[in-house]
>>> print(open('run.tsv').read())   # TSV, C-alpha atoms
chain	number	residue	atom	x	y	z
A	1	MET	CA	0.00	0.00	0.00
A	2	ILE	CA	1.09	3.55	-0.73
A	3	THR	CA	0.81	5.70	2.37
A	4	ALA	CA	0.31	9.43	2.63
A	5	GLU	CA	-0.43	12.18	5.12
A	6	ARG	CA	-2.53	15.29	4.75
A	7	LYS	CA	-0.68	18.51	4.15
A	8	PRO	CA	-1.18	21.31	6.67
A	9	LEU	CA	-4.40	23.20	5.92
A	10	LYS	CA	-2.43	26.43	5.53
A	11	GLU	CA	-0.53	24.95	2.57
A	12	ILE	CA	-3.73	23.58	1.02
A	13	LYS	CA	-5.50	26.91	1.41
A	14	GLU	CA	-2.65	28.74	-0.30
A	15	MET	CA	-2.87	26.42	-3.30
A	16	ILE	CA	-6.61	26.87	-3.78
A	17	ALA	CA	-6.68	30.57	-2.82
A	18	PRO	CA	-7.17	31.89	-6.39
A	19	TYR	CA	-10.22	29.68	-6.96
A	20	GLN	CA	-13.90	29.76	-6.00
A	21	LYS	CA	-15.11	26.31	-7.04
A	22	VAL	CA	-13.17	23.38	-5.67
A	23	LEU	CA	-13.69	19.70	-6.41
A	24	VAL	CA	-12.18	17.61	-3.60
A	25	VAL	CA	-11.42	14.16	-4.97
A	26	GLY	CA	-10.49	11.23	-2.77
A	27	CYS	CA	-9.21	7.77	-3.63
A	28	GLY	CA	-10.79	4.64	-2.18
A	29	THR	CA	-7.72	2.42	-2.37
A	30	CYS	CA	-4.33	2.83	-0.62
A	31	VAL	CA	-4.83	6.28	0.89
A	32	ALA	CA	-8.25	5.26	2.20
A	33	GLU	CA	-6.64	2.32	4.00
A	34	CYS	CA	-4.11	4.64	5.64
A	35	ALA	CA	-6.91	7.07	6.59
A	36	SER	CA	-5.58	10.02	4.65
A	37	GLY	CA	-7.49	10.19	1.38
A	38	GLY	CA	-10.69	8.14	1.50
A	39	GLU	CA	-14.29	9.30	1.56
A	40	LYS	CA	-14.19	10.29	5.25
A	41	GLU	CA	-11.05	12.33	4.84
A	42	VAL	CA	-12.54	14.04	1.80
A	43	GLY	CA	-15.53	14.98	3.98
A	44	LEU	CA	-13.35	16.28	6.80
A	45	LEU	CA	-11.22	18.41	4.52
A	46	ALA	CA	-14.19	19.74	2.57
A	47	SER	CA	-16.01	20.65	5.78
A	48	ALA	CA	-12.93	22.40	7.14
A	49	LEU	CA	-12.45	24.36	3.93
A	50	ARG	CA	-16.10	25.39	3.74
A	51	MET	CA	-16.14	26.57	7.35
A	52	ASP	CA	-12.85	28.39	6.92
A	53	ALA	CA	-14.15	30.20	3.85
A	54	LYS	CA	-17.41	31.14	5.59
A	55	MET	CA	-15.52	32.64	8.52
A	56	ALA	CA	-13.29	34.58	6.16
A	57	GLY	CA	-16.32	35.85	4.26
A	58	LYS	CA	-15.02	34.20	1.12
A	59	LYS	CA	-17.29	32.64	-1.46
A	60	LEU	CA	-16.14	29.06	-1.93
A	61	GLU	CA	-18.03	26.12	-3.38
A	62	VAL	CA	-16.62	22.77	-2.38
A	63	LYS	CA	-17.86	19.50	-3.81
A	64	GLU	CA	-16.83	16.07	-2.53
A	65	MET	CA	-16.19	13.03	-4.66
A	66	THR	CA	-14.25	9.81	-4.12
A	67	LEU	CA	-13.05	7.54	-6.89
A	68	ASP	CA	-12.40	3.86	-6.31
A	69	ARG	CA	-8.92	4.41	-7.72
A	70	GLN	CA	-7.35	7.63	-8.79
A	71	CYS	CA	-4.54	6.04	-10.78
A	72	VAL	CA	-6.63	4.12	-13.34
A	73	TYR	CA	-8.30	5.78	-16.30
A	74	GLU	CA	-11.54	3.80	-16.06
A	75	PHE	CA	-12.17	5.26	-12.59
A	76	ILE	CA	-10.84	8.75	-13.37
A	77	ASP	CA	-13.35	8.94	-16.20
A	78	ARG	CA	-16.08	9.41	-13.57
A	79	LEU	CA	-14.85	13.00	-13.28
A	80	THR	CA	-15.44	13.76	-16.95
A	81	ASP	CA	-19.00	15.02	-16.58
A	82	VAL	CA	-18.39	17.16	-13.50
A	83	ILE	CA	-14.85	18.47	-13.65
A	84	GLY	CA	-15.73	21.28	-16.06
A	85	GLU	CA	-17.87	22.94	-13.40
A	86	TYR	CA	-14.89	23.48	-11.08
A	87	ASP	CA	-11.88	25.80	-11.12
A	88	VAL	CA	-9.51	23.43	-9.36
A	89	VAL	CA	-9.29	19.81	-8.25
A	90	LEU	CA	-7.90	19.18	-4.80
A	91	SER	CA	-6.73	15.59	-4.96
A	92	LEU	CA	-6.45	13.32	-1.95
A	93	GLY	CA	-4.78	10.67	-4.05
A	94	CYS	CA	-1.13	9.68	-3.86
A	95	GLY	CA	1.34	11.36	-6.19
A	96	ALA	CA	0.51	8.80	-8.87
A	97	GLY	CA	-3.20	9.59	-8.57
A	98	VAL	CA	-2.69	13.35	-8.80
A	99	GLN	CA	-0.59	12.94	-11.93
A	100	ALA	CA	-2.94	10.43	-13.52
A	101	VAL	CA	-5.90	12.79	-13.10
A	102	ALA	CA	-3.85	15.67	-14.49
A	103	GLU	CA	-2.91	13.58	-17.55
A	104	VAL	CA	-6.58	13.02	-18.32
A	105	PHE	CA	-7.60	16.65	-17.73
A	106	PRO	CA	-4.60	18.73	-18.81
A	107	LYS	CA	-6.50	22.03	-18.78
A	108	VAL	CA	-7.55	21.75	-15.14
A	109	HIS	CA	-5.30	22.69	-12.23
A	110	ILE	CA	-4.95	19.57	-10.08
A	111	VAL	CA	-3.30	20.19	-6.70
A	112	PRO	CA	-2.29	17.67	-4.04
A	113	ALA	CA	-3.76	17.70	-0.56
A	114	LEU	CA	-1.48	14.88	0.60
A	115	ASN	CA	2.20	14.24	0.96
A	116	THR	CA	2.84	10.75	-0.40
A	117	THR	CA	5.13	9.03	2.05
A	118	PHE	CA	6.09	5.38	1.54
A	119	ILE	CA	5.08	1.86	0.56
A	120	GLY	CA	4.12	0.11	3.73
A	121	GLU	CA	1.93	-2.11	5.78
A	122	THR	CA	-0.90	-1.49	8.25
A	123	LYS	CA	0.85	-2.76	11.35
A	124	GLU	CA	-1.86	-1.99	13.88
A	125	ALA	CA	-4.92	0.26	13.97
A	126	GLY	CA	-3.54	3.72	13.32
A	127	LEU	CA	0.03	2.56	12.70
A	128	TRP	CA	1.61	2.20	9.26
A	129	VAL	CA	5.23	1.23	8.71
A	130	GLU	CA	7.46	1.34	5.69
A	131	ASN	CA	8.64	-2.03	4.46
A	132	CYS	CA	9.39	-1.74	0.75
A	133	ARG	CA	11.53	0.70	-1.22
A	134	ALA	CA	10.37	-0.61	-4.61
A	135	CYS	CA	14.00	-1.27	-5.52
A	136	GLY	CA	13.01	-3.39	-8.50
A	137	ASP	CA	15.21	-6.32	-7.46
A	138	CYS	CA	13.41	-8.15	-4.65
A	139	LYS	CA	15.58	-10.43	-2.53
A	140	LEU	CA	13.08	-11.17	0.24
A	141	GLY	CA	13.41	-14.90	-0.48
A	142	PHE	CA	16.94	-14.85	0.95
A	143	PHE	CA	15.99	-12.80	4.00
A	144	ALA	CA	12.97	-14.56	5.50
A	145	ALA	CA	10.70	-11.87	4.03
A	146	VAL	CA	12.34	-9.04	5.98
A	147	CYS	CA	13.69	-6.38	3.63
A	148	PRO	CA	17.15	-5.26	4.77
A	149	ILE	CA	17.19	-2.44	2.23
A	150	THR	CA	14.13	-0.85	3.82
A	151	ARG	CA	14.18	-2.05	7.39
A	152	CYS	CA	17.91	-2.01	8.17
A	153	ALA	CA	18.89	1.63	8.75
A	154	LYS	CA	22.14	0.94	6.90
A	155	GLY	CA	20.59	-1.17	4.14
A	156	LEU	CA	23.08	-3.99	4.69
A	157	LEU	CA	22.74	-7.10	2.52
A	158	ASN	CA	25.40	-9.33	4.02
A	159	GLY	CA	24.77	-9.51	7.73
A	160	PRO	CA	24.30	-7.23	10.69
A	161	CYS	CA	26.45	-4.22	11.47
A	162	GLY	CA	26.98	-5.43	15.03
A	163	GLY	CA	25.70	-2.24	16.58
A	164	SER	CA	22.29	-3.46	17.72
A	165	ARG	CA	21.51	-3.53	21.42
A	166	THR	CA	19.48	-6.56	22.47
A	167	ASP	CA	17.22	-6.70	19.40
A	168	ARG	CA	16.98	-2.97	18.72
A	169	CYS	CA	18.58	-0.91	15.97
A	170	GLU	CA	21.36	1.37	17.18
A	171	VAL	CA	20.12	4.15	14.90
A	172	ASP	CA	16.60	4.12	16.35
A	173	PRO	CA	15.86	2.04	19.45
A	174	ASP	CA	12.15	2.08	18.57
A	175	VAL	CA	12.88	-0.07	15.53
A	176	PRO	CA	13.77	-3.76	15.75
A	177	CYS	CA	17.09	-4.71	14.13
A	178	ALA	CA	16.16	-6.10	10.72
A	179	TRP	CA	19.09	-8.51	10.79
A	180	GLN	CA	18.06	-9.84	14.19
A	181	LEU	CA	14.65	-10.60	12.65
A	182	ILE	CA	16.17	-12.16	9.53
A	183	ILE	CA	18.44	-14.49	11.45
A	184	ALA	CA	15.79	-15.44	14.02
A	185	ARG	CA	13.24	-16.26	11.34
A	186	LEU	CA	15.66	-18.17	9.12
A	187	ASP	CA	16.79	-20.13	12.18
A	188	GLU	CA	13.19	-20.92	13.04
A	189	MET	CA	12.51	-22.24	9.56
A	190	GLY	CA	15.79	-24.14	9.43
A	191	ARG	CA	17.14	-22.12	6.52
A	192	LEU	CA	20.18	-20.34	7.94
A	193	ASP	CA	22.04	-21.84	4.96
A	194	LEU	CA	20.53	-19.04	2.84
A	195	LEU	CA	22.92	-16.64	4.52
A	196	ARG	CA	25.93	-18.47	3.05
A	197	LYS	CA	25.29	-16.77	-0.25
A	198	VAL	CA	27.24	-13.55	-0.56
A	199	GLN	CA	24.91	-10.92	-1.93
A	200	PRO	CA	26.40	-8.77	-4.67
A	201	PRO	CA	26.05	-4.98	-4.38
A	202	ALA	CA	22.47	-3.89	-5.00
A	203	ASP	CA	21.69	-3.02	-8.59
A	204	TRP	CA	20.24	0.45	-8.13
A	205	SER	CA	19.83	0.90	-11.86
A	206	LYS	CA	16.59	-1.04	-11.44
A	207	GLN	CA	15.25	1.62	-9.11
A	208	GLN	CA	16.64	4.93	-10.26
A	209	GLY	CA	19.05	6.61	-12.63
A	210	LYS	CA	17.11	6.03	-15.84
A	211	GLY	CA	14.10	8.25	-15.20
A	212	PRO	CA	10.63	6.94	-14.43
A	213	ARG	CA	10.34	3.19	-14.64
A	214	LYS	CA	7.87	1.44	-16.86
A	215	ILE	CA	6.34	-2.03	-16.95
A	216	TYR	CA	5.32	-3.19	-20.39
A	217	ARG	CA	3.14	-6.30	-20.74
A	218	LYS	CA	2.42	-7.25	-24.32
A	219	ASP	CA	-0.36	-9.65	-23.32
A	220	GLN	CA	-2.22	-6.91	-21.45
A	221	ARG	CA	-2.03	-4.37	-24.26
A	222	THR	CA	-5.00	-3.74	-26.47
B	1	MET	CA	-24.71	33.97	31.37
B	2	ASP	CA	-25.74	30.34	30.93
B	3	GLN	CA	-25.69	28.65	27.55
B	4	LYS	CA	-29.49	28.60	27.25
B	5	SER	CA	-29.86	32.31	27.92
B	6	ALA	CA	-26.93	33.04	25.61
B	7	GLY	CA	-28.99	31.49	22.81
B	8	LEU	CA	-26.35	28.96	21.87
B	9	ASN	CA	-27.14	26.09	19.51
B	10	LEU	CA	-26.20	22.79	21.12
B	11	THR	CA	-25.65	19.48	19.40
B	12	ILE	CA	-25.46	16.50	21.71
B	13	PHE	CA	-24.14	13.15	20.56
B	14	PHE	CA	-24.62	10.56	23.26
B	15	CYS	CA	-24.33	6.88	23.98
B	16	GLN	CA	-27.86	5.54	24.13
B	17	GLN	CA	-26.83	2.95	26.71
B	18	LEU	CA	-26.85	5.85	29.17
B	19	ASP	CA	-30.59	6.20	29.12
B	20	PRO	CA	-32.85	3.34	27.96
B	21	ASP	CA	-35.74	5.84	27.60
B	22	GLN	CA	-33.74	8.49	25.76
B	23	ASP	CA	-36.16	8.52	22.84
B	24	VAL	CA	-39.00	9.73	25.09
B	25	ASN	CA	-36.92	11.73	27.55
B	26	ARG	CA	-35.42	14.10	25.00
B	27	ARG	CA	-38.72	15.01	23.29
B	28	ALA	CA	-39.80	17.73	25.74
B	29	LEU	CA	-36.51	19.58	25.35
B	30	GLU	CA	-36.64	19.23	21.58
B	31	ARG	CA	-40.14	20.73	21.54
B	32	GLU	CA	-39.09	23.52	23.89
B	33	LEU	CA	-35.90	24.56	22.09
B	34	GLY	CA	-36.59	23.51	18.53
B	35	LYS	CA	-33.55	23.74	16.27
B	36	ARG	CA	-31.44	25.14	19.08
B	37	ILE	CA	-30.87	21.65	20.44
B	38	ARG	CA	-30.16	18.55	18.43
B	39	PHE	CA	-29.73	15.08	19.85
B	40	PHE	CA	-27.94	12.26	18.09
B	41	PRO	CA	-28.15	8.91	19.92
B	42	LEU	CA	-25.29	6.54	19.16
B	43	PRO	CA	-25.22	2.81	19.83
B	44	CYS	CA	-21.94	3.51	21.64
B	45	SER	CA	-19.96	6.75	21.98
B	46	GLY	CA	-17.11	4.95	20.18
B	47	ARG	CA	-19.28	5.12	17.05
B	48	ILE	CA	-18.59	8.85	16.82
B	49	ASP	CA	-16.54	9.89	13.85
B	50	PRO	CA	-14.69	13.19	13.43
B	51	LEU	CA	-16.86	13.72	10.37
B	52	HIS	CA	-20.01	13.79	12.56
B	53	LEU	CA	-18.48	16.49	14.72
B	54	MET	CA	-17.33	18.55	11.73
B	55	ARG	CA	-20.72	18.34	10.06
B	56	ALA	CA	-22.42	19.44	13.29
B	57	LEU	CA	-20.21	22.54	13.48
B	58	GLU	CA	-20.69	23.21	9.79
B	59	SER	CA	-24.48	23.02	10.21
B	60	GLY	CA	-24.39	25.83	12.75
B	61	ALA	CA	-23.80	24.25	16.17
B	62	ASP	CA	-22.11	26.62	18.60
B	63	LYS	CA	-21.18	23.84	20.94
B	64	VAL	CA	-21.00	20.11	20.29
B	65	TYR	CA	-21.03	17.63	23.15
B	66	LEU	CA	-20.27	13.96	23.13
B	67	VAL	CA	-21.68	12.27	26.21
B	68	THR	CA	-20.16	8.93	27.15
B	69	CYS	CA	-20.65	6.27	29.80
B	70	PRO	CA	-18.41	6.45	32.87
B	71	GLU	CA	-14.89	5.13	32.29
B	72	GLY	CA	-14.66	1.39	32.72
B	73	THR	CA	-18.38	0.83	32.14
B	74	CYS	CA	-18.57	0.85	28.34
B	75	ARG	CA	-20.74	-2.02	27.20
B	76	TYR	CA	-18.30	-2.54	24.33
B	77	HIS	CA	-15.28	-2.22	26.66
B	78	GLU	CA	-13.43	0.72	25.14
B	79	GLY	CA	-15.89	2.71	23.05
B	80	ASN	CA	-15.74	5.69	25.39
B	81	LEU	CA	-11.94	5.66	25.31
B	82	ARG	CA	-12.03	5.80	21.51
B	83	ALA	CA	-14.54	8.63	21.72
B	84	GLN	CA	-11.98	10.72	23.62
B	85	LYS	CA	-9.38	10.18	20.90
B	86	ARG	CA	-11.82	11.21	18.17
B	87	ILE	CA	-12.70	14.41	20.02
B	88	ALA	CA	-8.99	15.22	20.43
B	89	PHE	CA	-8.35	14.59	16.72
B	90	THR	CA	-11.21	16.85	15.67
B	91	GLN	CA	-10.21	19.58	18.11
B	92	GLU	CA	-6.82	19.74	16.40
B	93	LEU	CA	-8.48	19.95	13.00
B	94	ILE	CA	-10.81	22.81	13.94
B	95	GLU	CA	-7.96	24.70	15.55
B	96	GLU	CA	-6.23	24.66	12.17
B	97	ILE	CA	-9.06	26.79	10.80
B	98	GLY	CA	-9.24	29.04	13.83
B	99	ILE	CA	-12.25	27.52	15.64
B	100	GLU	CA	-11.79	27.20	19.40
B	101	ARG	CA	-11.25	23.62	20.59
B	102	GLU	CA	-13.73	24.32	23.44
B	103	ARG	CA	-16.56	24.11	20.92
B	104	LEU	CA	-16.14	20.33	21.07
B	105	GLU	CA	-16.41	18.79	24.48
B	106	LEU	CA	-16.45	15.33	25.92
B	107	ILE	CA	-18.73	14.70	28.88
B	108	ILE	CA	-17.95	11.56	30.84
B	109	THR	CA	-20.95	10.81	33.00
B	110	SER	CA	-20.66	9.86	36.62
B	111	ALA	CA	-21.06	6.24	37.65
B	112	GLY	CA	-22.50	7.13	41.05
B	113	ASN	CA	-25.25	9.42	39.82
B	114	PRO	CA	-26.87	8.14	36.60
B	115	LEU	CA	-28.96	10.84	34.86
B	116	THR	CA	-31.41	10.69	31.98
B	117	ILE	CA	-30.41	12.41	28.75
B	118	ASP	CA	-32.77	15.35	29.32
B	119	GLU	CA	-31.30	15.89	32.79
B	120	ILE	CA	-27.82	15.82	31.30
B	121	ALA	CA	-28.87	18.25	28.55
B	122	ARG	CA	-30.51	20.66	30.99
B	123	ALA	CA	-27.35	20.65	33.11
B	124	LEU	CA	-25.34	21.49	29.98
B	125	LEU	CA	-27.75	24.30	29.06
B	126	ASN	CA	-27.35	25.74	32.54
B	127	ARG	CA	-23.60	25.85	32.28
B	128	GLU	CA	-21.84	29.17	31.99
B	129	ALA	CA	-21.32	29.97	28.31
B	130	SER	CA	-17.57	29.72	27.74
B	131	VAL	CA	-17.88	30.50	24.02
B	132	GLY	CA	-20.19	32.78	22.08
B	133	PRO	CA	-22.03	32.05	18.85
B	134	SER	CA	-19.85	30.11	16.43
B	135	PRO	CA	-18.12	32.26	13.79
B	136	VAL	CA	-19.37	29.73	11.23
B	137	ARG	CA	-23.01	30.28	12.25
B	138	VAL	CA	-22.58	34.03	12.44
B	139	SER	CA	-21.15	34.18	8.92
B	140	MET	CA	-23.90	31.81	7.69
B	141	SER	CA	-26.64	34.11	8.98
B	142	GLU	CA	-24.82	37.16	7.58
B	143	THR	CA	-24.72	35.48	4.18
B	144	ILE	CA	-28.43	34.64	4.34
B	145	HIS	CA	-29.21	38.20	5.45
B	146	HIS	CA	-27.02	39.67	2.71
B	147	GLU	CA	-28.50	37.47	-0.01
B	148	GLY	CA	-32.01	38.22	1.25
B	149	ALA	CA	-31.29	41.94	1.05
B	150	LYS	CA	-30.04	41.55	-2.53
B	151	ALA	CA	-33.17	39.67	-3.54
>>> encode(input="run.tsv", output="structure tokens")
Amino acid sequence: MITAERKPLKEIKEMIAPYQKVLVVGCGTCVAECASGGEKEVGLLASALRMDAKMAGKKLEVKEMTLDRQCVYEFIDRLTDVIGEYDVVLSLGCGAGVQAVAEVFPKVHIVPALNTTFIGETKEAGLWVENCRACGDCKLGFFAAVCPITRCAKGLLNGPCGGSRTDRCEVDPDVPCAWQLIIARLDEMGRLDLLRKVQPPADWSKQQGKGPRKIYRKDQRT
Amino acid sequence: MDQKSAGLNLTIFFCQQLDPDQDVNRRALERELGKRIRFFPLPCSGRIDPLHLMRALESGADKVYLVTCPEGTCRYHEGNLRAQKRIAFTQELIEEIGIERERLELIITSAGNPLTIDEIARALLNREASVGPSPVRVSMSETIHHEGAKA
């Protein structure tokens, strides 16, 4: 899941200040799961903006809408009949959603209400943690499904740094040492032999350095 | 001046476990005060959502109360504890737009002295008004007045 957090209202208000008709568009997928951009959050933000405008004596029309997904054309198309009535779209999608909507409606100003943060997991109610850097070269099979690139503060691929105290990372004692987890889990499943393989340096060309990445699937193309 | 005399609009969300006869007990007050008091029974105070509180303020409430069972007596164990967190979250949100956090208030009822919902509401109405009319309501009525004058 892609996680995000709402921007401060001051920043949002500055972005929509020149406009009078605002369409607030949420996304019912990742950002709804992390309670930042779903239907409820759209309602909260729209209410706050309407009340703020009323108190300031400003005329502002705010409409609420939530798409099932803001990064897929078939869902974005739901905006086609209404978007023309608004001066600006305030998107509560992730960065991909904001850009996807803007691609479809290039003449409309689409502004983000969220700061997209990381790919992560819902750990507990109200707690989301990062666990994937989308490096493009997944090696979780060697590491008992604990990503050392993301979860080890030093991103080490060939064993622990030796700095952990009990089972905590020396960089942040709130975080468990990823290598402690890897070794404990591999031991439990009787696969410590996987650590005999020396991991080559990570191939970062699969993540960055060549501009935006693309996945091309011939069988899915029309 | 008490809140009733100050003419404040009150919205009261409450756990209906507090008063099995709440449906009957609140009617007299509703008839007496009309739109100035609005009751919203909840199956548990933990059902409250920040969106309910925001919509109440947006609709013109000057003061929004959430009345919960005494601590440790929630039928669903921790609904009233969740209610407190939701109030705190919404208070932070309204402060961002310059609305006083006091406009949202949590009332934890007393275990030793159970009251019916109308008794609770009357006690709230008799409280000293710590805030005046909401700036949202004031600007709403100004807009209506202004648009009426134009027409």
>>> residues_around(input="run.tsv", residues="range 96-101 of chain A", least_positions_apart="5", cutoff="7 Å", atoms="all atoms listed in the file", output="PyMOL selection string")
chain A and resi 70-71+76+91+110+112
>>> closest_atom_pairs(input="run.tsv", of="chain B", to="chain A", cutoff="7 Å", atoms="all atoms listed in the file", output="CSV")
residue,atom,partner,partner_atom,distance
B:Leu51,CA,A:Leu44,CA,5.6
B:Met54,CA,A:Ser47,CA,6.4
B:Arg55,CA,A:Ser47,CA,6.8
B:Glu58,CA,A:Met51,CA,6.2
B:Glu96,CA,A:Leu9,CA,6.7
B:Ile97,CA,A:Asp52,CA,5.7
B:Pro135,CA,A:Met55,CA,5.9
B:Val136,CA,A:Met55,CA,5.5
B:Ser139,CA,A:Met55,CA,5.9
B:Met140,CA,A:Lys54,CA,6.9
>>> residues_around(input="run.tsv", residues="range 120-128 of chain B", least_positions_apart="2", cutoff="10 Å", atoms="all atoms listed in the file", output="PyMOL selection string")
chain B and resi 1-12+26+29+37+39+65+67+107+109+114-118+130-131
>>> residues_around(input="run.tsv", residues="range 120-128 of chain A", least_positions_apart="6", cutoff="7 Å", atoms="only C-alpha atoms", output="number ranges by chain")
A: 1-3
>>> atom_distance(input="run.tsv", atom1="CA of Gly136 in chain A", atom2="CA of Ile149 in chain A")
11.6 Å
>>> closest_residue(input="run.tsv", among="A:Val198, A:Leu114, A:Val108, A:Leu192", to="Glu85 in chain A", atoms="all atoms listed in the file")
A:Val108
>>> atom_distance(input="run.tsv", atom1="CA of Arg27 in chain B", atom2="CA of Phe14 in chain B")
14.8 Å
>>> closest_residue(input="run.tsv", among="A:Val129, A:Ile16, A:Ala144, A:Val25", to="Gly38 in chain A", atoms="all atoms listed in the file")
A:Val25
>>> atom_distance(input="run.tsv", atom1="CA of Asp167 in chain A", atom2="CA of Cys152 in chain A")
12.2 Å
>>> build_atoms(input="run.tsv", residues="range 96-112 of chain B", atoms="N, CA and C atoms", output="PDB file, keeping the file's coordinate frame")
ATOM      1  N   GLU B  96      -6.962  24.272  13.394  1.00  0.00           N
ATOM      2  CA  GLU B  96      -6.230  24.660  12.170  1.00  0.00           C
ATOM      3  C   GLU B  96      -6.974  25.726  11.388  1.00  0.00           C
ATOM      4  N   ILE B  97      -8.313  25.758  11.535  1.00  0.00           N
ATOM      5  CA  ILE B  97      -9.060  26.790  10.800  1.00  0.00           C
ATOM      6  C   ILE B  97      -9.517  27.904  11.733  1.00  0.00           C
ATOM      7  N   GLY B  98      -8.978  27.912  12.935  1.00  0.00           N
ATOM      8  CA  GLY B  98      -9.240  29.040  13.830  1.00  0.00           C
ATOM      9  C   GLY B  98     -10.522  28.920  14.648  1.00  0.00           C
ATOM     10  N   ILE B  99     -11.083  27.715  14.769  1.00  0.00           N
ATOM     11  CA  ILE B  99     -12.250  27.520  15.640  1.00  0.00           C
ATOM     12  C   ILE B  99     -11.734  27.011  16.997  1.00  0.00           C
ATOM     13  N   GLU B 100     -12.270  27.576  18.076  1.00  0.00           N
ATOM     14  CA  GLU B 100     -11.790  27.200  19.400  1.00  0.00           C
ATOM     15  C   GLU B 100     -12.069  25.725  19.690  1.00  0.00           C
ATOM     16  N   ARG B 101     -11.084  25.042  20.293  1.00  0.00           N
ATOM     17  CA  ARG B 101     -11.250  23.620  20.590  1.00  0.00           C
ATOM     18  C   ARG B 101     -12.380  23.393  21.613  1.00  0.00           C
ATOM     19  N   GLU B 102     -12.683  24.448  22.414  1.00  0.00           N
ATOM     20  CA  GLU B 102     -13.730  24.320  23.440  1.00  0.00           C
ATOM     21  C   GLU B 102     -15.111  24.091  22.830  1.00  0.00           C
ATOM     22  N   ARG B 103     -15.234  24.323  21.551  1.00  0.00           N
ATOM     23  CA  ARG B 103     -16.560  24.110  20.920  1.00  0.00           C
ATOM     24  C   ARG B 103     -16.892  22.618  20.832  1.00  0.00           C
ATOM     25  N   LEU B 104     -15.901  21.775  21.002  1.00  0.00           N
ATOM     26  CA  LEU B 104     -16.140  20.330  21.070  1.00  0.00           C
ATOM     27  C   LEU B 104     -15.796  19.880  22.486  1.00  0.00           C
ATOM     28  N   GLU B 105     -16.713  19.199  23.102  1.00  0.00           N
ATOM     29  CA  GLU B 105     -16.410  18.790  24.480  1.00  0.00           C
ATOM     30  C   GLU B 105     -16.919  17.394  24.778  1.00  0.00           C
ATOM     31  N   LEU B 106     -16.095  16.688  25.501  1.00  0.00           N
ATOM     32  CA  LEU B 106     -16.450  15.330  25.920  1.00  0.00           C
ATOM     33  C   LEU B 106     -17.015  15.385  27.339  1.00  0.00           C
ATOM     34  N   ILE B 107     -18.149  14.768  27.538  1.00  0.00           N
ATOM     35  CA  ILE B 107     -18.730  14.700  28.880  1.00  0.00           C
ATOM     36  C   ILE B 107     -18.734  13.228  29.304  1.00  0.00           C
ATOM     37  N   ILE B 108     -17.952  12.934  30.316  1.00  0.00           N
ATOM     38  CA  ILE B 108     -17.950  11.560  30.840  1.00  0.00           C
ATOM     39  C   ILE B 108     -18.895  11.548  32.040  1.00  0.00           C
ATOM     40  N   THR B 109     -19.954  10.771  31.933  1.00  0.00           N
ATOM     41  CA  THR B 109     -20.950  10.810  33.000  1.00  0.00           C
ATOM     42  C   THR B 109     -20.427  10.108  34.260  1.00  0.00           C
ATOM     43  N   SER B 110     -21.108  10.389  35.342  1.00  0.00           N
ATOM     44  CA  SER B 110     -20.660   9.860  36.620  1.00  0.00           C
ATOM     45  C   SER B 110     -21.329   8.512  36.901  1.00  0.00           C
ATOM     46  N   ALA B 111     -20.524   7.589  37.387  1.00  0.00           N
ATOM     47  CA  ALA B 111     -21.060   6.240  37.650  1.00  0.00           C
ATOM     48  C   ALA B 111     -22.005   6.264  38.844  1.00  0.00           C
ATOM     49  N   GLY B 112     -21.718   7.121  39.805  1.00  0.00           N
ATOM     50  CA  GLY B 112     -22.500   7.130  41.050  1.00  0.00           C
ATOM     51  C   GLY B 112     -23.854   7.812  40.916  1.00  0.00           C
TER      52      GLY B 112
END
